[in-house]
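**Q** Here you go, this is final08.txt (compact mmCIF, C-alpha atoms and all ligand atoms).
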```
# COMPACT_ATOMS: atom_id res chain seq x y z
CA MET A 786 242.77 149.49 9.79
CA ASP A 787 243.19 148.08 6.33
CA ILE A 788 239.64 148.04 5.09
CA ASP A 789 240.38 146.40 1.78
CA LYS A 790 242.09 143.54 3.50
CA GLU A 791 239.26 143.13 5.98
CA ILE A 792 236.69 143.11 3.17
CA ARG A 793 238.70 140.45 1.41
CA GLY A 794 238.64 138.30 4.53
CA TYR A 795 234.87 138.56 4.96
CA ALA A 796 234.31 137.96 1.26
CA LEU A 797 236.40 134.78 1.40
CA GLN A 798 234.60 133.59 4.51
CA ASN A 799 231.21 134.27 2.95
CA ALA A 800 232.18 132.67 -0.36
CA ILE A 801 233.31 129.48 1.35
CA ARG A 802 230.12 129.32 3.31
CA TYR A 803 228.05 129.58 0.11
CA ASN A 804 229.85 127.22 -2.20
CA GLY A 805 232.32 129.69 -3.63
CA ARG A 806 230.02 132.66 -4.21
CA ALA A 807 230.16 135.56 -1.81
CA ASN A 808 227.21 137.89 -1.52
CA PRO A 809 228.15 141.59 -1.43
CA GLY A 810 225.19 142.41 0.84
CA SER A 811 226.31 139.93 3.48
CA VAL A 812 229.87 141.20 3.32
CA ILE A 813 228.71 144.79 3.77
CA GLY A 814 226.56 143.63 6.68
CA MET A 815 229.54 141.96 8.36
CA LEU A 816 231.70 145.01 7.88
CA LEU A 817 229.13 147.46 9.21
CA SER A 818 228.41 145.32 12.23
CA LYS A 819 232.11 145.42 13.09
CA HIS A 820 232.55 149.10 12.21
CA PRO A 821 229.27 150.95 12.65
CA GLN A 822 231.02 154.25 11.99
CA LEU A 823 231.34 153.23 8.34
CA LYS A 824 227.60 153.57 7.85
CA SER A 825 228.08 157.16 6.75
CA LYS A 826 230.35 155.96 3.95
CA VAL A 827 228.24 153.07 2.84
CA LYS A 828 228.25 154.07 -0.84
CA GLU A 829 232.00 154.11 -1.02
CA ILE A 830 232.22 150.86 0.96
CA ALA A 831 229.70 149.15 -1.31
CA GLN A 832 231.84 149.96 -4.34
CA LYS A 833 234.91 148.48 -2.73
CA VAL A 834 232.98 145.40 -1.62
CA ASN A 835 231.50 144.84 -5.06
CA SER A 836 234.83 144.90 -6.76
CA ILE A 837 236.53 142.66 -4.17
CA VAL A 838 233.63 140.17 -4.19
CA LYS A 839 233.89 140.01 -7.96
CA GLN A 840 237.57 139.03 -7.70
CA ILE A 841 236.93 136.47 -4.98
CA ASN A 842 234.04 134.86 -6.84
CA LYS A 843 236.34 134.23 -9.79
CA LEU A 844 238.63 132.08 -7.65
CA PRO A 845 238.02 128.36 -7.37
CA LEU A 846 236.64 127.25 -4.00
CA GLU A 847 239.88 125.48 -3.11
CA ALA A 848 241.90 128.64 -3.68
CA GLN A 849 239.46 130.59 -1.55
CA LYS A 850 239.84 128.10 1.29
CA GLN A 851 243.60 128.19 1.06
CA GLU A 852 243.78 131.97 1.13
CA LEU A 853 241.39 132.22 4.07
CA SER A 854 243.33 129.74 6.18
CA GLN A 855 246.67 131.37 5.35
CA GLU A 856 245.75 135.03 5.49
CA PHE A 857 242.76 135.11 7.81
CA PRO A 858 242.97 132.13 10.17
CA GLU A 859 240.85 134.06 12.70
CA LEU A 860 237.93 133.94 10.25
CA LEU A 861 237.90 130.17 9.86
CA GLU A 862 234.48 128.96 10.91
CA GLU A 863 234.33 127.25 14.20
CA LYS A 864 232.45 124.02 14.18
CA HIS A 865 229.14 124.44 15.94
CA LYS A 866 229.60 123.39 19.48
CA GLU A 867 227.05 121.22 21.17
CA ARG A 868 225.38 123.25 23.82
CA GLU A 869 223.30 121.99 26.63
CA ILE A 870 219.93 123.69 26.59
CA LYS A 871 218.39 124.38 29.93
CA LEU A 872 214.69 125.06 29.91
CA GLN A 873 213.26 127.45 32.44
CA PRO A 874 210.61 125.82 34.63
CA LEU A 875 207.15 126.02 33.09
CA PRO A 876 204.68 127.90 35.31
CA GLY A 877 201.99 125.65 36.75
CA ALA A 878 203.50 122.51 35.28
CA VAL A 879 202.81 119.19 37.02
CA MET A 880 205.05 116.22 36.24
CA GLY A 881 203.23 113.78 33.99
CA LYS A 882 200.32 116.14 33.32
CA VAL A 883 201.70 118.69 30.86
CA VAL A 884 200.10 118.67 27.40
CA THR A 885 201.54 121.03 24.79
CA ARG A 886 200.81 121.46 21.13
CA ALA A 887 202.07 122.84 17.89
CA ALA A 888 199.27 124.09 15.68
CA PRO A 889 200.63 125.04 12.27
CA ASN A 890 198.52 125.88 9.26
CA PRO A 891 199.65 123.46 6.55
CA ASN A 892 199.50 126.14 3.86
CA GLY A 893 203.21 125.66 3.27
CA PRO A 894 206.30 124.22 4.88
CA ILE A 895 206.74 125.09 8.51
CA HIS A 896 208.43 128.46 8.98
CA LEU A 897 211.06 129.31 11.51
CA GLY A 898 208.65 130.97 13.93
CA SER A 899 206.31 127.96 14.16
CA ALA A 900 209.22 125.57 14.30
CA ARG A 901 210.66 127.43 17.24
CA ALA A 902 207.39 127.46 19.18
CA GLY A 903 206.95 123.79 18.28
CA VAL A 904 210.41 122.81 19.49
CA LEU A 905 209.85 124.55 22.81
CA SER A 906 206.47 122.85 23.11
CA PHE A 907 207.73 119.32 22.62
CA MET A 908 210.81 119.91 24.76
CA TYR A 909 208.59 120.98 27.61
CA ALA A 910 206.32 117.97 27.11
CA GLN A 911 209.42 115.82 27.33
CA LYS A 912 210.81 117.62 30.36
CA TYR A 913 207.60 117.04 32.28
CA LYS A 914 206.93 113.57 30.88
CA GLY A 915 203.75 114.86 29.31
CA LYS A 916 202.26 114.72 25.82
CA PHE A 917 202.85 116.70 22.65
CA VAL A 918 200.03 117.17 20.15
CA LEU A 919 200.62 118.20 16.54
CA ARG A 920 197.46 119.79 15.27
CA PHE A 921 196.81 121.07 11.78
CA ASP A 922 194.80 124.28 11.91
CA ASP A 923 193.57 123.85 8.37
CA THR A 924 190.23 125.62 8.30
CA SER A 925 190.95 128.69 6.15
CA PRO A 926 190.47 127.28 2.65
CA LYS A 927 190.02 130.72 1.11
CA THR A 928 192.62 132.91 2.78
CA LYS A 929 195.26 130.28 3.62
CA PRO A 930 194.42 127.22 1.53
CA PRO A 931 196.21 124.11 2.81
CA LEU A 932 198.84 122.58 0.58
CA PRO A 933 198.24 118.80 0.41
CA GLU A 934 201.95 117.96 0.60
CA ALA A 935 202.55 120.25 3.57
CA TYR A 936 200.83 117.92 6.07
CA LYS A 937 203.47 115.29 5.46
CA TRP A 938 206.31 117.80 5.32
CA ILE A 939 205.41 119.25 8.69
CA ILE A 940 205.23 115.85 10.39
CA GLU A 941 208.61 114.95 8.89
CA ASP A 942 210.12 118.28 9.90
CA PHE A 943 209.00 117.92 13.49
CA LYS A 944 210.42 114.44 13.64
CA TRP A 945 213.64 115.74 12.13
CA LEU A 946 213.74 118.39 14.84
CA GLY A 947 213.56 115.60 17.40
CA ALA A 948 209.91 115.69 18.40
CA LYS A 949 208.10 112.71 19.73
CA ILE A 950 204.58 113.33 18.48
CA ASP A 951 202.01 111.66 20.70
CA ARG A 952 198.95 112.63 18.71
CA VAL A 953 198.27 114.14 15.27
CA GLU A 954 194.98 115.96 14.80
CA TYR A 955 193.31 117.71 11.87
CA ALA A 956 190.93 120.57 12.54
CA SER A 957 189.26 119.89 9.20
CA LYS A 958 188.07 116.53 10.55
CA ARG A 959 186.33 118.04 13.58
CA PHE A 960 183.59 120.15 12.08
CA GLU A 961 180.73 118.32 13.82
CA ARG A 962 182.30 119.27 17.14
CA TYR A 963 182.67 122.94 16.17
CA TYR A 964 179.00 122.99 15.11
CA GLU A 965 177.99 121.45 18.42
CA VAL A 966 179.82 124.13 20.42
CA ALA A 967 178.51 126.89 18.17
CA GLU A 968 174.93 125.74 18.87
CA GLU A 969 175.64 125.64 22.56
CA LEU A 970 176.91 129.21 22.47
CA ILE A 971 173.84 130.33 20.56
CA LYS A 972 171.53 128.65 23.07
CA LEU A 973 173.39 130.38 25.89
CA GLY A 974 172.82 133.71 24.14
CA LYS A 975 176.58 134.17 23.73
CA ALA A 976 176.63 133.93 19.96
CA TYR A 977 174.32 135.22 17.23
CA VAL A 978 173.91 135.03 13.50
CA CYS A 979 174.27 138.42 11.90
CA THR A 980 172.76 138.95 8.47
CA CYS A 981 173.70 142.62 8.11
CA PRO A 982 175.70 143.64 5.04
CA SER A 983 179.32 143.63 6.08
CA GLU A 984 179.92 147.35 5.44
CA GLY A 985 176.96 148.34 7.59
CA TRP A 986 178.09 146.01 10.34
CA LYS A 987 181.60 147.44 10.30
CA GLN A 988 180.31 150.98 10.65
CA LEU A 989 178.14 150.05 13.61
CA LYS A 990 180.99 148.16 15.23
CA ALA A 991 183.32 151.12 14.83
CA GLN A 992 180.82 153.20 16.80
CA GLY A 993 180.23 150.47 19.37
CA ILE A 994 176.55 150.09 18.40
CA ALA A 995 174.73 146.73 18.29
CA CYS A 996 173.28 145.65 14.95
CA PRO A 997 169.56 144.76 14.78
CA CYS A 998 170.37 141.02 14.89
CA ARG A 999 172.14 141.03 18.21
CA ALA A 1000 169.09 141.39 20.44
CA LEU A 1001 166.98 138.70 18.74
CA ASN A 1002 166.30 135.64 20.89
CA PRO A 1003 168.39 132.45 20.76
CA ALA A 1004 165.58 130.50 19.08
CA GLU A 1005 165.66 132.89 16.12
CA HIS A 1006 169.44 132.60 15.94
CA LEU A 1007 169.28 128.81 15.99
CA LYS A 1008 166.95 129.01 13.00
CA ARG A 1009 169.38 131.34 11.22
CA TRP A 1010 172.31 129.13 12.15
CA ARG A 1011 170.63 126.11 10.56
CA ALA A 1012 169.86 128.16 7.48
CA MET A 1013 173.59 128.79 7.09
CA PHE A 1014 173.89 125.12 6.12
CA THR A 1015 171.20 125.34 3.46
CA LYS A 1016 169.93 128.73 2.45
CA PHE A 1017 172.35 131.56 3.17
CA LYS A 1018 174.91 132.27 0.52
CA GLU A 1019 178.48 133.33 1.09
CA GLY A 1020 178.62 136.70 2.84
CA GLU A 1021 174.93 136.68 3.77
CA ALA A 1022 175.25 135.40 7.34
CA VAL A 1023 178.03 135.32 9.92
CA LEU A 1024 178.08 133.74 13.35
CA ARG A 1025 179.46 136.21 15.88
CA ILE A 1026 180.57 135.83 19.47
CA LYS A 1027 179.01 138.40 21.78
CA THR A 1028 181.77 140.28 23.52
CA ASP A 1029 181.91 143.92 24.49
CA LEU A 1030 180.86 146.32 21.75
CA LYS A 1031 182.50 149.19 23.57
CA HIS A 1032 185.81 147.41 24.04
CA LYS A 1033 188.67 149.83 23.39
CA ASP A 1034 190.20 147.31 20.99
CA PRO A 1035 187.71 147.16 18.08
CA SER A 1036 189.06 143.79 16.92
CA ARG A 1037 187.67 142.22 20.05
CA ARG A 1038 184.14 143.50 19.50
CA ASP A 1039 181.80 140.64 18.53
CA TRP A 1040 184.39 138.75 16.50
CA TRP A 1041 183.27 136.32 13.84
CA ALA A 1042 183.14 132.62 14.67
CA ALA A 1043 181.74 130.97 11.54
CA LYS A 1044 180.79 131.85 7.99
CA VAL A 1045 179.60 130.30 4.75
CA ILE A 1046 182.13 129.22 2.12
CA GLU A 1047 180.40 127.64 -0.84
CA GLN A 1048 183.33 126.24 -2.81
CA PRO A 1049 186.08 125.60 -0.27
CA ASN A 1050 187.82 122.90 -2.37
CA HIS A 1051 189.63 121.75 0.73
CA PRO A 1052 192.32 119.10 0.13
CA ILE A 1053 190.88 116.80 2.81
CA THR A 1054 187.16 117.55 2.87
CA GLY A 1055 186.61 118.90 -0.64
CA ASN A 1056 183.25 120.63 -0.75
CA LYS A 1057 181.61 118.58 1.98
CA TYR A 1058 181.22 121.52 4.41
CA ARG A 1059 179.84 124.96 3.70
CA VAL A 1060 179.90 126.44 7.22
CA TRP A 1061 183.46 127.16 8.32
CA PRO A 1062 184.68 127.99 11.83
CA SER A 1063 187.02 130.93 12.31
CA TYR A 1064 190.54 130.22 13.48
CA ASN A 1065 189.64 131.54 16.91
CA LEU A 1066 186.61 129.32 17.39
CA GLN A 1067 188.41 126.24 16.12
CA SER A 1068 191.57 126.79 18.11
CA ALA A 1069 189.71 127.50 21.36
CA ILE A 1070 187.62 124.32 21.09
CA ASP A 1071 190.58 122.17 20.16
CA ASP A 1072 192.82 123.46 22.92
CA HIS A 1073 190.07 122.65 25.38
CA ASP A 1074 189.13 119.26 23.95
CA PHE A 1075 192.70 118.00 23.72
CA GLY A 1076 193.41 119.03 27.30
CA ILE A 1077 196.21 121.42 26.36
CA THR A 1078 197.72 122.70 29.61
CA HIS A 1079 200.34 125.06 28.18
CA ILE A 1080 200.47 127.04 24.96
CA ILE A 1081 203.84 128.33 23.87
CA ARG A 1082 203.71 130.65 20.89
CA GLY A 1083 204.78 133.92 19.32
CA GLN A 1084 203.66 137.28 20.60
CA GLU A 1085 201.64 137.88 17.45
CA HIS A 1086 198.99 135.55 18.91
CA THR A 1087 198.16 137.74 21.90
CA GLN A 1088 195.17 139.29 20.09
CA ASN A 1089 193.74 135.90 19.20
CA GLU A 1090 194.14 134.69 22.73
CA MET A 1091 192.07 137.61 24.01
CA ARG A 1092 189.27 136.65 21.61
CA GLN A 1093 189.45 132.97 22.47
CA ARG A 1094 189.18 133.64 26.17
CA TYR A 1095 185.53 134.61 25.69
CA ILE A 1096 184.71 131.06 24.56
CA PHE A 1097 186.45 129.54 27.57
CA ASP A 1098 184.69 131.91 29.93
CA TYR A 1099 181.22 131.37 28.42
CA LEU A 1100 181.54 127.60 28.57
CA GLY A 1101 183.21 127.47 31.98
CA TRP A 1102 186.41 126.00 30.57
CA LYS A 1103 189.83 126.62 32.05
CA PHE A 1104 192.16 128.51 29.74
CA PRO A 1105 195.60 126.89 29.31
CA ILE A 1106 198.63 128.73 30.59
CA ALA A 1107 199.88 130.74 27.63
CA ILE A 1108 203.47 131.76 27.23
CA HIS A 1109 204.43 134.14 24.46
CA HIS A 1110 207.94 134.36 23.21
CA GLY A 1111 209.37 137.28 21.24
CA ARG A 1112 210.19 137.45 17.58
CA ILE A 1113 213.32 135.96 16.12
CA ILE A 1114 215.62 138.44 14.46
CA LEU A 1115 217.94 136.83 11.97
CA GLU A 1116 221.49 137.99 11.42
CA SER A 1117 220.50 139.27 8.01
CA GLY A 1118 218.02 141.64 9.59
CA GLY A 1119 214.71 139.91 9.04
CA LEU A 1120 212.72 137.26 7.31
CA SER A 1121 212.13 138.84 3.92
CA THR A 1122 211.40 136.17 1.35
CA THR A 1123 214.19 137.33 -0.94
CA LYS A 1124 216.77 137.36 1.81
CA THR A 1125 215.61 134.01 3.20
CA ARG A 1126 215.78 132.50 -0.25
CA GLU A 1127 219.34 133.72 -0.67
CA LEU A 1128 220.31 132.25 2.68
CA ILE A 1129 218.70 128.92 1.87
CA GLU A 1130 220.44 128.77 -1.48
ZN ZN B 1201 173.45 142.03 12.19
```
Rewrite the coordinates I just gave you, this time as structure tokens.

**A**
Amino acid sequence: MDIDKEIRGYALQNAIRYNGRANPGSVIGMLLSKHPQLKSKVKEIAQKVNSIVKQINKLPLEAQKQELSQEFPELLEEKHKEREIKLQPLPGAVMGKVVTRAAPNPNGPIHLGSARAGVLSFMYAQKYKGKFVLRFDDTSPKTKPPLPEAYKWIIEDFKWLGAKIDRVEYASKRFERYYEVAEELIKLGKAYVCTCPSEGWKQLKAQGIACPCRALNPAEHLKRWRAMFTKFKEGEAVLRIKTDLKHKDPSRRDWWAAKVIEQPNHPITGNKYRVWPSYNLQSAIDDHDFGITHIIRGQEHTQNEMRQRYIFDYLGWKFPIAIHHGRIILESGGLSTTKTRELIE
């Protein structure tokens, strides 16, 4: 095989795809995927690729196109063919009754993973003549502060992807409802307000031991809960869901459901609220309230689902049917910001 010639072909193909500038890394990737045995000689190959890419990048785009079509017609890009997409049947789906949702955090433009779950969600809603809800899970002003512009971007992107959005919801506008459910859980003895210092709490949790707050009666916890709106400062009190302190997965043990944030500076609600629901509390309540029948999302949400199930069980709600899809692996080998940026450019 004439490696130099093959490299030249890939470099031309890559250059044409990216406006006349080939990327040596992509060319090496192409070559190694065709000839895995070259991996042992990658240093040598990289040198060759660098020098050939340099030559190619000096050529005008037109010359690159001409050479590719004359010398490497097999590498001319095929136009993307329209493909019919067949969706597998959705378990438990009833025609006309399916409600799906996409629930992105508007802390930036929608990423590929959320877009994919979203597309599947609205396609299924369409297939079963149901409804598709776009919900902004925008209640983490400290760790994932929402970007004001992103709300609009995400709606536009979903429309661009072909979604018919039946309902747009904002978690940040539903705080009164989260408070109502939190109180209900406290009254049922299924949630409590913990005022232990966080380090001490973590140590107890690691050993599966209850903190002194846990056994106090609901009336005391209601008092503490109300004090979270007035008296307790950030970090001084946390609402926790009672689960199983001996659970083999420590992240499931008495997970936090609400905490105080004094200066949230939220783009929609500013500093109106100081008690903030956790993602898991918010998402569980919203999925129930909006009548979501099917949740389609990435595998990374399995842990959250396990936490949210406690809320559904305690309140006698029916958990939606959840379907987790795997991760997407891009041709370039991942979703690193640098690599993604290169590809976008
Ligand atoms: Zn405590």

**Q** Please measure the separation of CA of Ser925 (chain A) and CA of Val904 (chain A), giving the value in Å to one decimal.

**A**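 Interatomic distance here is 24.3 Å.
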
**Q** Which chains and residue numbers are within 9 Å of ligand ZN 1201 (chain B), counting all atoms listed in the file, if I want them as a CSV table (one decimal) with C-alpha atoms, in the coordinates of the input?

**A**
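Wrote selection-v5.csv, looks like this:
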```
chain,number,residue,atom,x,y,z
A,977,TYR,CA,174.3,135.2,17.2
A,978,VAL,CA,173.9,135.0,13.5
A,979,CYS,CA,174.3,138.4,11.9
A,980,THR,CA,172.8,139.0,8.5
A,981,CYS,CA,173.7,142.6,8.1
A,982,PRO,CA,175.7,143.6,5.0
A,983,SER,CA,179.3,143.6,6.1
A,985,GLY,CA,177.0,148.3,7.6
A,986,TRP,CA,178.1,146.0,10.3
A,995,ALA,CA,174.7,146.7,18.3
A,996,CYS,CA,173.3,145.6,15.0
A,997,PRO,CA,169.6,144.8,14.8
A,998,CYS,CA,170.4,141.0,14.9
A,999,ARG,CA,172.1,141.0,18.2
A,1022,ALA,CA,175.2,135.4,7.3
A,1023,VAL,CA,178.0,135.3,9.9
```

**Q** Smallest atom-to-atom distance to Leu970 (chain A): which of A:Ala888, A:Ile1026, A:Ala1000, A:Leu875, using only C-alpha atoms?

**A**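 Ranked by minimum distance to Leu970 (chain A), first place goes to A:Ile1026.
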
**Q** Report as a list in words all protein, DNA and RNA residues lying within 8 Å of Lys850 (chain A), evaluated on all atoms listed in the file, omitting residues in the same chain fewer than 4 positions from it.

**A**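 My reading of the contact set: Leu797, Ile801, Leu846 and Ser854 of chain A.
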
**Q** Residues within 12 Å of (184.5, 127.4, 30.3), file coordinates, counting all atoms listed in the file: what are they? Give the list as number ranges by chain.

**A** A: 966, 969-970, 1069-1070, 1072-1074, 1093-1105

**Q** Using only C-alpha atoms, which of the listed residues (A:Ile1053, A:Val1060, A:Val918, A:Ala1107) sits closest to Lys1018 (chain A)?

**A**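 Checking each candidate against Lys1018 (chain A), we get A:Val1060 as the closest.
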
**Q** Between CA of Tyr964 (chain A) and CA of Lys927 (chain A), what is the distance in Å, rounded to a tenth?

**A** 19.4 Å

**Q** As an exercise, work out the distance from CA of Lys975 (chain A) to CA of Pro1062 (chain A) in Å and give it to one decimal place.

**A**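 Between these atoms lies a distance of 15.7 Å.
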
**Q** Calculated over all atoms listed in the file, which of the candidates A:Trp1041, A:Val838, A:Tyr913, A:Phe907 has the smallest distance to Gly881 (chain A)?

**A**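 Closest residue, counting all atoms listed in the file: A:Tyr913.
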
**Q** Could region 978-997 of chain A be written out with N, CA and C atoms, as a PDB file, in the first residue's frame, please?

**A**
```pdb
ATOM      1  N   VAL A 978     -35.727  18.275  58.322  1.00  0.00           N
ATOM      2  CA  VAL A 978     -34.762  19.360  58.144  1.00  0.00           C
ATOM      3  C   VAL A 978     -33.565  19.099  59.050  1.00  0.00           C
ATOM      4  N   CYS A 979     -32.432  18.928  58.422  1.00  0.00           N
ATOM      5  CA  CYS A 979     -31.212  18.598  59.147  1.00  0.00           C
ATOM      6  C   CYS A 979     -30.399  19.872  59.350  1.00  0.00           C
ATOM      7  N   THR A 980     -29.996  20.105  60.587  1.00  0.00           N
ATOM      8  CA  THR A 980     -29.217  21.317  60.879  1.00  0.00           C
ATOM      9  C   THR A 980     -27.797  20.949  61.305  1.00  0.00           C
ATOM     10  N   CYS A 981     -27.395  19.712  61.042  1.00  0.00           N
ATOM     11  CA  CYS A 981     -26.036  19.292  61.400  1.00  0.00           C
ATOM     12  C   CYS A 981     -25.028  19.974  60.460  1.00  0.00           C
ATOM     13  N   PRO A 982     -23.823  20.234  60.964  1.00  0.00           N
ATOM     14  CA  PRO A 982     -22.785  20.729  60.049  1.00  0.00           C
ATOM     15  C   PRO A 982     -22.521  19.677  58.969  1.00  0.00           C
ATOM     16  N   SER A 983     -22.258  20.128  57.772  1.00  0.00           N
ATOM     17  CA  SER A 983     -22.264  19.176  56.662  1.00  0.00           C
ATOM     18  C   SER A 983     -21.188  18.084  56.796  1.00  0.00           C
ATOM     19  N   GLU A 984     -20.027  18.433  57.370  1.00  0.00           N
ATOM     20  CA  GLU A 984     -18.983  17.416  57.527  1.00  0.00           C
ATOM     21  C   GLU A 984     -19.433  16.292  58.457  1.00  0.00           C
ATOM     22  N   GLY A 985     -20.045  16.720  59.585  1.00  0.00           N
ATOM     23  CA  GLY A 985     -20.527  15.743  60.564  1.00  0.00           C
ATOM     24  C   GLY A 985     -21.583  14.839  59.958  1.00  0.00           C
ATOM     25  N   TRP A 986     -22.469  15.451  59.193  1.00  0.00           N
ATOM     26  CA  TRP A 986     -23.537  14.685  58.536  1.00  0.00           C
ATOM     27  C   TRP A 986     -22.944  13.655  57.587  1.00  0.00           C
ATOM     28  N   LYS A 987     -21.958  14.082  56.803  1.00  0.00           N
ATOM     29  CA  LYS A 987     -21.350  13.174  55.821  1.00  0.00           C
ATOM     30  C   LYS A 987     -20.714  11.965  56.500  1.00  0.00           C
ATOM     31  N   GLN A 988     -20.052  12.243  57.636  1.00  0.00           N
ATOM     32  CA  GLN A 988     -19.412  11.120  58.338  1.00  0.00           C
ATOM     33  C   GLN A 988     -20.439  10.117  58.843  1.00  0.00           C
ATOM     34  N   LEU A 989     -21.537  10.658  59.397  1.00  0.00           N
ATOM     35  CA  LEU A 989     -22.589   9.759  59.889  1.00  0.00           C
ATOM     36  C   LEU A 989     -23.181   8.962  58.730  1.00  0.00           C
ATOM     37  N   LYS A 990     -23.432   9.648  57.633  1.00  0.00           N
ATOM     38  CA  LYS A 990     -24.034   8.979  56.474  1.00  0.00           C
ATOM     39  C   LYS A 990     -23.133   7.843  55.982  1.00  0.00           C
ATOM     40  N   ALA A 991     -21.833   8.138  55.933  1.00  0.00           N
ATOM     41  CA  ALA A 991     -20.895   7.122  55.444  1.00  0.00           C
ATOM     42  C   ALA A 991     -20.992   5.852  56.292  1.00  0.00           C
ATOM     43  N   GLN A 992     -21.291   6.040  57.598  1.00  0.00           N
ATOM     44  CA  GLN A 992     -21.397   4.866  58.477  1.00  0.00           C
ATOM     45  C   GLN A 992     -22.818   4.321  58.562  1.00  0.00           C
ATOM     46  N   GLY A 993     -23.738   4.990  57.875  1.00  0.00           N
ATOM     47  CA  GLY A 993     -25.128   4.529  57.899  1.00  0.00           C
ATOM     48  C   GLY A 993     -25.826   4.831  59.215  1.00  0.00           C
ATOM     49  N   ILE A 994     -25.396   5.914  59.883  1.00  0.00           N
ATOM     50  CA  ILE A 994     -25.990   6.259  61.188  1.00  0.00           C
ATOM     51  C   ILE A 994     -26.863   7.502  61.028  1.00  0.00           C
ATOM     52  N   ALA A 995     -28.032   7.509  61.698  1.00  0.00           N
ATOM     53  CA  ALA A 995     -28.941   8.660  61.618  1.00  0.00           C
ATOM     54  C   ALA A 995     -28.374   9.830  62.414  1.00  0.00           C
ATOM     55  N   CYS A 996     -28.566  11.030  61.921  1.00  0.00           N
ATOM     56  CA  CYS A 996     -28.146  12.214  62.675  1.00  0.00           C
ATOM     57  C   CYS A 996     -29.220  12.504  63.724  1.00  0.00           C
ATOM     58  N   PRO A 997     -28.897  13.371  64.708  1.00  0.00           N
ATOM     59  CA  PRO A 997     -29.873  13.617  65.788  1.00  0.00           C
ATOM     60  C   PRO A 997     -31.187  14.225  65.288  1.00  0.00           C
TER      61      PRO A 997
END
```
